[in-house]
$ cat data.cif   # mmCIF, C-alpha atoms and all ligand atoms
data_input
loop_
_atom_site.label_atom_id
_atom_site.label_comp_id
_atom_site.auth_asym_id
_atom_site.auth_seq_id
_atom_site.Cartn_x
_atom_site.Cartn_y
_atom_site.Cartn_z
CA MET A 1 5.10 -13.15 16.02
CA LYS A 2 2.25 -12.74 13.56
CA LYS A 3 1.89 -9.25 12.17
CA LEU A 4 -1.37 -7.62 11.20
CA VAL A 5 -2.01 -4.30 9.54
CA VAL A 6 -5.47 -2.98 10.38
CA LYS A 7 -6.70 -0.10 8.26
CA ILE A 8 -9.62 1.80 9.70
CA GLY A 9 -11.55 4.39 7.73
CA SER A 10 -12.98 7.76 8.74
CA SER A 11 -16.47 6.36 8.20
CA VAL A 12 -16.00 4.12 11.25
CA LEU A 13 -14.34 6.66 13.53
CA THR A 14 -16.41 9.80 12.99
CA LEU A 15 -19.73 10.98 14.35
CA ASP A 16 -22.22 12.54 11.94
CA ASN A 17 -20.78 16.00 12.70
CA GLY A 18 -17.29 14.82 11.66
CA LYS A 19 -15.90 14.74 15.21
CA PRO A 20 -14.07 11.68 16.60
CA ASP A 21 -16.50 9.11 18.01
CA PRO A 22 -15.10 8.23 21.47
CA VAL A 23 -17.21 5.07 21.70
CA ARG A 24 -15.71 3.70 18.48
CA PHE A 25 -12.14 4.59 19.48
CA LYS A 26 -12.57 2.86 22.85
CA ALA A 27 -14.09 -0.24 21.31
CA PHE A 28 -11.37 -0.41 18.67
CA ALA A 29 -8.56 -0.01 21.23
CA LYS A 30 -10.08 -2.78 23.38
CA ASP A 31 -10.38 -5.04 20.36
CA VAL A 32 -6.81 -4.40 19.13
CA SER A 33 -5.37 -4.75 22.67
CA ARG A 34 -7.01 -8.15 23.03
CA VAL A 35 -5.37 -9.30 19.81
CA ILE A 36 -1.97 -7.96 20.92
CA ASP A 37 -2.39 -9.82 24.25
CA ARG A 38 -2.78 -12.97 22.20
CA GLY A 39 0.67 -12.43 20.72
CA TYR A 40 -0.06 -10.51 17.53
CA ALA A 41 1.77 -7.37 16.51
CA VAL A 42 -0.63 -4.78 15.11
CA VAL A 43 0.02 -1.72 12.98
CA VAL A 44 -3.00 0.56 12.63
CA VAL A 45 -3.38 2.64 9.47
CA SER A 46 -5.94 5.27 10.35
CA SER A 47 -7.77 7.94 8.41
CA GLY A 48 -9.61 10.75 10.11
CA ALA A 49 -7.19 13.67 10.14
CA ILE A 50 -9.00 15.67 7.47
CA ALA A 51 -12.45 14.78 8.80
CA PHE A 52 -11.56 15.83 12.35
CA GLY A 53 -9.80 18.96 11.13
CA SER A 54 -12.92 19.94 9.15
CA SER A 55 -15.12 19.48 12.18
CA LEU A 56 -13.06 22.07 14.07
CA ALA A 57 -12.29 24.53 11.29
CA GLY A 58 -15.87 24.73 10.06
CA ALA A 59 -17.11 26.06 6.74
CA SER A 60 -14.30 28.61 6.29
CA LEU A 61 -11.91 25.84 5.26
CA ALA A 62 -13.79 23.28 3.16
CA PRO A 63 -11.81 20.13 2.25
CA ASP A 64 -12.03 21.00 -1.44
CA SER A 65 -8.41 21.70 -2.39
CA ILE A 66 -5.03 20.22 -1.59
CA ALA A 67 -4.03 23.43 0.22
CA HIS A 68 -7.10 23.27 2.48
CA LYS A 69 -6.66 19.55 3.13
CA GLN A 70 -3.03 20.13 4.11
CA VAL A 71 -4.10 22.63 6.76
CA LEU A 72 -7.11 20.57 7.89
CA SER A 73 -4.96 17.50 8.41
CA SER A 74 -2.54 19.52 10.54
CA ILE A 75 -5.49 20.38 12.78
CA GLY A 76 -6.98 16.89 12.76
CA GLN A 77 -3.90 14.65 13.00
CA PRO A 78 -3.11 15.62 16.63
CA LEU A 79 -6.77 15.01 17.53
CA LEU A 80 -6.57 11.62 15.85
CA ILE A 81 -3.42 10.61 17.69
CA ASN A 82 -4.77 11.94 21.00
CA ALA A 83 -7.92 9.89 20.55
CA TYR A 84 -5.77 6.76 20.05
CA THR A 85 -3.43 7.55 22.94
CA ASP A 86 -6.39 8.06 25.29
CA SER A 87 -8.17 4.95 24.10
CA PHE A 88 -5.16 2.64 24.46
CA ARG A 89 -4.11 4.02 27.86
CA PRO A 90 -6.43 1.75 29.90
CA TYR A 91 -4.69 -1.22 28.26
CA ASP A 92 -1.19 0.13 29.02
CA ARG A 93 -0.39 0.31 25.35
CA ILE A 94 1.85 3.05 24.00
CA VAL A 95 0.76 4.56 20.70
CA THR A 96 3.35 5.85 18.22
CA GLN A 97 2.68 8.17 15.29
CA VAL A 98 4.09 7.33 11.85
CA LEU A 99 3.43 9.76 9.01
CA LEU A 100 4.48 8.67 5.53
CA THR A 101 4.21 9.78 1.92
CA HIS A 102 5.06 7.90 -1.26
CA GLU A 103 8.48 9.55 -1.28
CA ASP A 104 9.38 7.67 1.90
CA PHE A 105 8.78 4.42 0.05
CA MET A 106 10.56 5.46 -3.15
CA ASP A 107 13.90 6.09 -1.57
CA ARG A 108 15.27 2.67 -0.58
CA GLN A 109 17.20 4.03 2.38
CA ARG A 110 14.20 5.90 3.77
CA TYR A 111 12.05 2.83 3.19
CA LEU A 112 14.49 0.62 5.10
CA ASN A 113 14.76 3.20 7.88
CA ALA A 114 10.98 3.38 8.27
CA ARG A 115 10.76 -0.42 8.29
CA ARG A 116 13.47 -0.77 10.90
CA SER A 117 11.85 1.81 13.12
CA MET A 118 8.42 0.20 12.82
CA ASP A 119 9.89 -3.26 13.57
CA LEU A 120 11.38 -1.85 16.77
CA MET A 121 8.04 -0.32 17.81
CA LEU A 122 6.34 -3.68 17.31
CA ALA A 123 9.05 -5.56 19.19
CA GLN A 124 8.39 -3.18 22.12
CA GLY A 125 4.66 -3.95 22.02
CA PHE A 126 3.77 -0.42 20.93
CA VAL A 127 0.91 0.35 18.57
CA PRO A 128 2.12 2.32 15.53
CA VAL A 129 -0.66 4.46 14.07
CA VAL A 130 0.18 5.30 10.48
CA ASN A 131 -1.39 7.96 8.27
CA GLU A 132 -0.31 9.76 5.15
CA ASN A 133 1.61 12.92 5.97
CA ASP A 134 -1.19 14.97 4.40
CA THR A 135 0.20 18.30 5.58
CA ILE A 136 3.15 18.09 3.21
CA ALA A 137 1.60 15.77 0.62
CA VAL A 138 1.10 17.18 -2.84
CA ASP A 139 0.07 15.12 -5.88
CA GLU A 140 3.61 14.29 -6.96
CA ILE A 141 4.65 12.68 -3.71
CA LYS A 142 1.51 11.29 -2.13
CA VAL A 143 0.02 7.83 -1.97
CA GLY A 144 -3.44 9.40 -2.10
CA ASP A 145 -5.63 7.05 -0.10
CA ASN A 146 -5.22 4.94 3.00
CA ASP A 147 -6.37 1.65 1.44
CA THR A 148 -3.33 1.82 -0.83
CA LEU A 149 -1.12 3.11 1.99
CA SER A 150 -2.18 0.17 4.20
CA ALA A 151 -1.18 -2.31 1.48
CA MET A 152 2.21 -0.61 1.15
CA VAL A 153 2.73 -0.74 4.91
CA ALA A 154 1.64 -4.41 5.01
CA ALA A 155 4.20 -5.21 2.31
CA MET A 156 6.87 -3.12 4.01
CA ILE A 157 6.61 -4.89 7.39
CA SER A 158 5.89 -8.30 5.77
CA ALA A 159 2.53 -8.56 7.51
CA ASP A 160 0.71 -11.87 7.64
CA ARG A 161 -2.57 -10.15 6.76
CA LEU A 162 -4.13 -6.85 5.96
CA ILE A 163 -7.54 -6.10 7.47
CA ILE A 164 -9.47 -3.19 5.93
CA LEU A 165 -12.28 -1.93 8.15
CA SER A 166 -14.91 0.41 6.75
CA ASN A 167 -18.68 0.82 6.91
CA ILE A 168 -19.41 -2.11 4.58
CA ASP A 169 -19.81 -5.73 5.71
CA ALA A 170 -18.10 -7.28 2.73
CA ILE A 171 -17.67 -6.99 -1.01
CA PHE A 172 -20.95 -7.84 -2.68
CA ASP A 173 -21.65 -9.29 -6.10
CA LYS A 174 -23.55 -6.08 -6.93
CA ASP A 175 -24.19 -2.72 -5.30
CA PRO A 176 -25.99 -3.55 -2.02
CA TYR A 177 -27.32 0.02 -1.76
CA ARG A 178 -29.19 -0.43 -5.03
CA TYR A 179 -30.07 -4.12 -5.14
CA HIS A 180 -31.50 -5.93 -2.12
CA ASP A 181 -30.66 -9.32 -3.55
CA ALA A 182 -26.92 -8.42 -3.55
CA LYS A 183 -24.93 -11.21 -1.90
CA PRO A 184 -21.70 -10.88 0.07
CA ILE A 185 -18.68 -12.65 -1.39
CA SER A 186 -16.80 -14.37 1.41
CA GLU A 187 -13.69 -15.32 -0.54
CA ILE A 188 -12.05 -14.16 -3.75
CA GLN A 189 -9.50 -16.69 -4.94
CA HIS A 190 -8.46 -15.19 -8.25
CA ILE A 191 -8.38 -11.47 -7.73
CA GLU A 192 -6.61 -11.01 -11.08
CA GLN A 193 -9.78 -11.99 -12.89
CA TYR A 194 -12.18 -10.27 -10.52
CA LYS A 195 -14.12 -7.23 -11.70
CA SER A 196 -16.24 -5.33 -9.26
CA PHE A 197 -18.89 -2.67 -9.43
CA ASP A 198 -17.84 0.61 -7.86
CA GLU A 199 -20.03 1.65 -4.95
CA GLY A 200 -18.51 5.11 -4.80
CA LYS A 201 -16.92 6.87 -1.89
CA SER A 202 -17.86 7.41 1.72
CA ARG A 203 -18.33 10.98 2.93
CA TYR A 204 -14.76 11.59 4.09
CA GLY A 205 -12.83 8.62 2.78
CA VAL A 206 -10.79 9.02 -0.38
CA GLY A 207 -11.23 5.49 -1.63
CA GLY A 208 -14.25 3.26 -2.13
CA ILE A 209 -14.52 -0.35 -3.19
CA ARG A 210 -12.10 0.32 -6.03
CA THR A 211 -9.13 1.28 -3.87
CA LYS A 212 -9.85 -1.60 -1.45
CA ILE A 213 -9.83 -4.13 -4.26
CA SER A 214 -6.77 -2.66 -5.87
CA ALA A 215 -4.93 -2.70 -2.50
CA ALA A 216 -5.90 -6.35 -2.00
CA ARG A 217 -4.86 -7.17 -5.57
CA GLN A 218 -1.46 -5.59 -5.11
CA LEU A 219 -0.88 -7.57 -1.91
CA ALA A 220 -2.19 -10.85 -3.36
CA ARG A 221 0.59 -10.62 -5.96
CA MET A 222 3.10 -10.32 -3.15
CA GLY A 223 1.69 -13.30 -1.27
CA ILE A 224 -0.36 -11.49 1.40
CA SER A 225 -4.11 -12.00 1.93
CA THR A 226 -6.50 -9.17 2.76
CA THR A 227 -9.81 -9.25 4.60
CA ILE A 228 -12.35 -6.46 4.12
CA ALA A 229 -14.93 -6.19 6.92
CA ASN A 230 -17.23 -3.85 8.82
CA GLY A 231 -15.42 -1.76 11.45
CA ARG A 232 -18.67 -1.19 13.31
CA THR A 233 -19.07 -4.87 14.16
CA ASP A 234 -18.27 -5.43 17.86
CA GLY A 235 -14.84 -7.01 18.40
CA ILE A 236 -14.30 -7.41 14.67
CA VAL A 237 -10.49 -7.74 14.80
CA THR A 238 -10.68 -10.48 17.45
CA LYS A 239 -13.39 -12.27 15.48
CA LEU A 240 -11.28 -12.17 12.33
CA VAL A 241 -8.18 -13.38 14.15
CA ASP A 242 -10.23 -16.34 15.48
CA GLN A 243 -11.37 -16.99 11.95
CA PHE A 244 -7.77 -16.94 10.64
CA ALA A 245 -6.60 -19.19 13.48
CA GLN A 246 -9.10 -21.82 12.42
CA GLY A 247 -7.43 -21.70 9.04
CA ASN A 248 -10.70 -20.50 7.67
CA GLY A 249 -10.36 -17.67 5.19
CA ALA A 250 -14.07 -17.50 4.50
CA GLY A 251 -16.65 -16.26 7.00
CA ILE A 252 -16.97 -12.67 8.19
CA GLY A 253 -16.22 -10.06 5.53
CA THR A 254 -14.50 -10.78 2.25
CA THR A 255 -11.08 -12.37 2.13
CA VAL A 256 -8.96 -11.80 -0.96
CA VAL A 257 -6.64 -14.78 -0.98
CA ALA A 258 -2.96 -14.38 -1.86
CA SER A 259 -2.38 -15.64 -5.39
CA GLN A 260 1.38 -16.04 -5.21
CA ARG A 261 4.03 -17.27 -2.87
CA ARG A 262 5.51 -14.53 -0.73
CA ILE A 263 8.04 -12.39 -2.49
CA SER A 264 10.75 -10.74 -0.49
CA GLY A 265 13.63 -8.31 -0.62
CA ALA A 266 14.22 -5.93 -3.47
CA LYS A 267 11.52 -7.37 -5.76
CA LYS A 268 8.91 -6.73 -3.10
CA TRP A 269 10.08 -3.16 -2.73
CA VAL A 270 9.92 -2.64 -6.50
CA SER A 271 6.38 -4.13 -6.57
CA LEU A 272 4.91 -1.98 -3.84
CA LEU A 273 5.82 1.38 -5.35
CA LEU A 274 3.11 3.27 -7.20
CA LYS A 275 5.49 5.42 -9.18
CA SER A 276 8.93 5.01 -10.65
CA SER A 277 11.67 7.64 -10.85
CA GLY A 278 12.10 7.42 -14.62
CA ILE A 279 11.70 5.33 -17.75
CA ILE A 280 14.13 3.19 -19.74
CA THR A 281 12.84 2.45 -23.24
CA VAL A 282 14.08 -0.81 -24.72
CA ASP A 283 14.10 -2.54 -28.12
CA ASP A 284 12.32 -5.80 -29.01
CA GLY A 285 15.41 -7.90 -28.28
CA ALA A 286 15.68 -6.61 -24.73
CA LEU A 287 11.92 -6.99 -24.33
CA SER A 288 12.13 -10.70 -25.19
CA ALA A 289 15.10 -11.14 -22.86
CA VAL A 290 13.28 -9.49 -19.96
CA HIS A 291 10.23 -11.68 -20.58
CA LYS A 292 12.54 -14.69 -20.42
CA ASN A 293 13.65 -13.63 -16.94
CA LYS A 294 16.99 -12.22 -18.10
CA SER A 295 18.68 -9.02 -16.96
CA LEU A 296 18.45 -5.79 -18.93
CA LEU A 297 21.71 -4.92 -20.67
CA ALA A 298 22.84 -1.62 -22.18
CA ALA A 299 22.72 -2.97 -25.75
CA GLY A 300 18.92 -3.10 -25.84
CA ILE A 301 18.33 0.38 -24.43
CA LEU A 302 16.90 2.95 -26.84
CA GLY A 303 16.55 5.90 -24.50
CA THR A 304 15.53 7.24 -21.10
CA SER A 305 13.31 9.87 -19.57
CA GLY A 306 13.08 11.39 -16.12
CA THR A 307 15.92 11.90 -13.70
CA PHE A 308 17.06 8.94 -11.69
CA LYS A 309 20.17 7.87 -9.92
CA GLN A 310 21.77 4.51 -9.31
CA GLY A 311 19.54 2.47 -6.98
CA ASP A 312 16.25 4.13 -8.01
CA VAL A 313 13.27 2.20 -9.33
CA VAL A 314 12.64 2.82 -13.02
CA SER A 315 9.98 1.64 -15.47
CA ILE A 316 11.00 -0.44 -18.46
CA ALA A 317 8.93 0.56 -21.48
CA ASP A 318 8.63 -0.84 -24.99
CA ALA A 319 9.15 1.35 -28.04
CA ARG A 320 5.45 2.29 -27.95
CA GLY A 321 5.83 3.67 -24.44
CA ARG A 322 3.97 0.90 -22.61
CA GLU A 323 5.39 -0.10 -19.25
CA ILE A 324 6.27 -3.76 -19.26
CA GLY A 325 8.26 -3.99 -16.06
CA ARG A 326 10.10 -2.21 -13.31
CA GLY A 327 13.42 -2.64 -11.68
CA ILE A 328 16.28 -1.09 -9.77
CA SER A 329 18.73 0.67 -12.06
CA ASN A 330 22.43 0.07 -11.48
CA TYR A 331 23.26 3.16 -13.52
CA SER A 332 22.10 6.79 -13.37
CA VAL A 333 20.21 8.43 -16.21
CA THR A 334 23.39 10.28 -17.26
CA GLU A 335 25.41 7.09 -17.33
CA ILE A 336 22.78 5.27 -19.37
CA GLY A 337 22.88 8.15 -21.85
CA MET A 338 26.55 7.27 -22.45
CA ILE A 339 26.23 3.48 -22.65
CA LYS A 340 22.85 2.89 -24.30
CA GLY A 341 22.99 0.68 -27.36
CA LYS A 342 26.53 -0.41 -26.53
CA LYS A 343 27.87 -3.86 -25.81
CA SER A 344 28.64 -4.65 -22.17
CA SER A 345 32.34 -4.87 -23.08
CA GLN A 346 32.23 -1.21 -24.19
CA ILE A 347 30.89 0.16 -20.88
CA ASN A 348 34.34 0.63 -19.41
CA GLY A 349 35.53 2.49 -22.47
CA SER A 350 32.54 4.84 -22.43
CA LEU A 351 32.41 5.61 -18.72
CA GLY A 352 35.96 4.89 -17.59
CA TYR A 353 34.49 2.38 -15.14
CA SER A 354 31.82 -0.30 -15.06
CA LYS A 355 29.27 -1.19 -12.43
CA GLY A 356 28.63 -4.51 -14.13
CA ASP A 357 26.98 -5.72 -17.32
CA GLU A 358 23.44 -5.51 -16.01
CA VAL A 359 21.71 -2.14 -16.14
CA ILE A 360 18.86 -3.84 -14.26
CA HIS A 361 19.64 -7.20 -12.73
CA ARG A 362 16.98 -9.91 -13.14
CA ASP A 363 16.85 -10.34 -9.34
CA ASN A 364 15.68 -6.74 -9.05
CA LEU A 365 13.24 -6.77 -11.94
CA ILE A 366 9.50 -7.51 -12.05
CA LEU A 367 7.13 -7.67 -15.00
CA THR A 368 4.11 -5.40 -14.61
CA ALA A 369 2.21 -5.67 -17.89
CA SER A 370 0.31 -8.75 -18.93
CA SER A 371 1.50 -8.13 -22.50
CA SER A 372 3.51 -10.97 -23.96
CA ALA A 373 6.94 -10.87 -25.47
CA PRO A 374 7.27 -9.55 -29.04
CA GLY A 375 6.67 -12.18 -31.66
CA ARG A 376 4.16 -14.02 -29.52
CA GLY A 377 1.26 -11.74 -30.28
CA GLU A 378 -0.78 -9.55 -27.94
N1 LIG B 401 -5.20 10.61 5.14
C1 LIG B 401 -6.57 11.02 5.13
C2 LIG B 401 -7.00 11.49 6.51
O1 LIG B 401 -6.47 11.08 7.49
C3 LIG B 401 -7.55 9.95 4.70
C4 LIG B 401 -7.27 9.27 3.41
C5 LIG B 401 -8.36 8.23 3.08
O2 LIG B 401 -9.50 8.38 3.52
O3 LIG B 401 -8.05 7.27 2.39
O4 LIG B 401 -7.90 12.24 6.65
#

$ encode --input "data.cif" --output "structure tokens"
Amino acid sequence: MKKLVVKIGSSVLTLDNGKPDPVRFKAFAKDVSRVIDRGYAVVVVSSGAIAFGSSLAGASLAPDSIAHKQVLSSIGQPLLINAYTDSFRPYDRIVTQVLLTHEDFMDRQRYLNARRSMDLMLAQGFVPVVNENDTIAVDEIKVGDNDTLSAMVAAMISADRLIILSNIDAIFDKDPYRYHDAKPISEIQHIEQYKSFDEGKSRYGVGGIRTKISAARQLARMGISTTIANGRTDGIVTKLVDQFAQGNGAGIGTTVVASQRRISGAKKWVSLLLKSSGIITVDDGALSAVHKNKSLLAAGILGTSGTFKQGDVVSIADARGREIGRGISNYSVTEIGMIKGKKSSQINGSLGYSKGDEVIHRDNLILTASSSAPGRGE
């Protein structure tokens, strides 16, 4: 079963007054149902809660602070889900609501639970509609925008593709609102080297081109391609699926092609997180070892910051504080405080037990910075 994540922005789903546009919801449900009938599993990541909440609450509660947005989303999220439930009913499709924050991804158990639950929904032929849990989201725990959230969900369920639908046809070589000779780019092969202009934000959406490109870039590194297209084009999801089936990345919209083979398991989980639970600072020796795909041992650890427990994702930083990688720590911050700088053979003596020589095992470690190993220059 091929899995798609389709992210749809508020700009597609709202009328000018901020209310849900029933015509768009109906058309989208028809389009997605057709694709499911063809054997695809589809997860929808939908914005609109804050926009719809604002349209009901009026001027007394402007979406200008986190506190207001939390309340507005609690008004708008039920409207959003109702609009989906109503729109999918004629196609006998059950809609499920999944509300996530970054914290749900950071805790491995919660992440695995969410994944398992979503897999079950897809196996049943349901349509999960995901949004950030804006009502409880504060800066420290939130993902922040649904482009990024959709990439995290795509990675989590190992989707075959991410489709991002907004009010733009494609990514252009320059700002199409300012230059009429701007040309759409149908395929981006090397997203690492790609630099785009920033066309700003839509009225209600949090992101813009920047968050779409960064979502696609994050997924490309994990082996998943993303297509960015206009959600107002009739039957866009079906058209894109036809395009993919012909093995043709290029065509409608812009496809950001995966630049790596698919990564799986713990490394994928480490890669999709936006934040880590703490920092382990290492010396030059450990830095070289990590760059040579070796595990991080206690001997090369200079210090730590933050509070993390065994199994959390931590950043590995050089002595200047630059993050060079991330990985799953086998030891808690307290334990590392007692074994840092020591040989692996001394761990038992210091702690009274050992969980192994590796503080971060190479299988659970990814490099994040493009900086090279010490001694090889910048
Ligand atoms: N979660 C927000 C909402 O539903 C939208 C975030 C975004 O536009 O990226 O209103």

$ residues_near_ligand --input "data.cif" --ligand "ligand LIG 401 (chain B)" --cutoff "8 Å" --atoms "only C-alpha atoms and all ligand atoms" --output "list of chain:residue names"
A:Gly9, A:Ser10, A:Ser46, A:Ser47, A:Gly48, A:Ala49, A:Ile50, A:Ala51, A:Phe52, A:Ser73, A:Gly76, A:Gln77, A:Asn131, A:Glu132, A:Asn133, A:Asp134, A:Gly144, A:Asp145, A:Asn146, A:Asp147, A:Thr148, A:Tyr204, A:Gly205, A:Val206, A:Gly207

$ closest_residue --input "data.cif" --among "A:Pro20, A:Gly265, A:Gly300, A:Gly306" --to "Ser87 in chain A" --atoms "only C-alpha atoms"
A:Pro20

$ closest_residue --input "data.cif" --among "A:Lys343, A:His361, A:Arg115, A:Lys30" --to "Pro90 in chain A" --atoms "only C-alpha atoms"
A:Lys30

$ residues_around --input "data.cif" --residues "Gly253 in chain A" --least-positions-apart "4" --cutoff "10 Å" --atoms "all atoms listed in the file" --output "count of residues only"
19

$ closest_residue --input "data.cif" --among "A:Ile328, A:Phe308, A:Ser166, A:Leu367" --to "Ala289 in chain A" --atoms "all atoms listed in the file"
A:Leu367

$ atom_distance --input "data.cif" --atom1 "CA of Val23 in chain A" --atom2 "CA of Arg93 in chain A"
17.9 Å

$ residues_around --input "data.cif" --residues "Thr238 in chain A" --least-positions-apart "2" --cutoff "9 Å" --atoms "all atoms listed in the file" --output "PyMOL selection string"
chain A and resi 31-32+34-35+235-236+240-243

$ atom_distance --input "data.cif" --atom1 "CA of Asp37 in chain A" --atom2 "CA of Thr226 in chain A"
21.9 Å

$ closest_residue --input "data.cif" --among "A:Ile339, A:Ala216, A:Ala59, A:Ala83" --to "Lys26 in chain A" --atoms "all atoms listed in the file"
A:Ala83

$ residues_near_point --input "data.cif" --point "(26.1, -6.8, -15.2)" --cutoff "12 Å" --atoms "all atoms listed in the file" --output "number ranges by chain"
A: 294-299, 329-331, 343-345, 347-348, 354-363

$ atom_distance --input "data.cif" --atom1 "CA of Asp175 in chain A" --atom2 "CA of Val256 in chain A"
18.3 Å

$ closest_residue --input "data.cif" --among "A:Pro176, A:Asp64, A:Gly247, A:Ala151" --to "Ser214 in chain A" --atoms "all atoms listed in the file"
A:Ala151

$ closest_residue --input "data.cif" --among "A:Gly325, A:Gly311, A:Pro128, A:Gly39" --to "Ser277 in chain A" --atoms "only C-alpha atoms"
A:Gly311

$ residues_around --input "data.cif" --residues "range 106-110 of chain A" --least-positions-apart "5" --cutoff "12 Å" --atoms "only C-alpha atoms" --output "PyMOL selection string"
chain A and resi 100-101+115-117+140-143+152+156+265-278+308-314+328
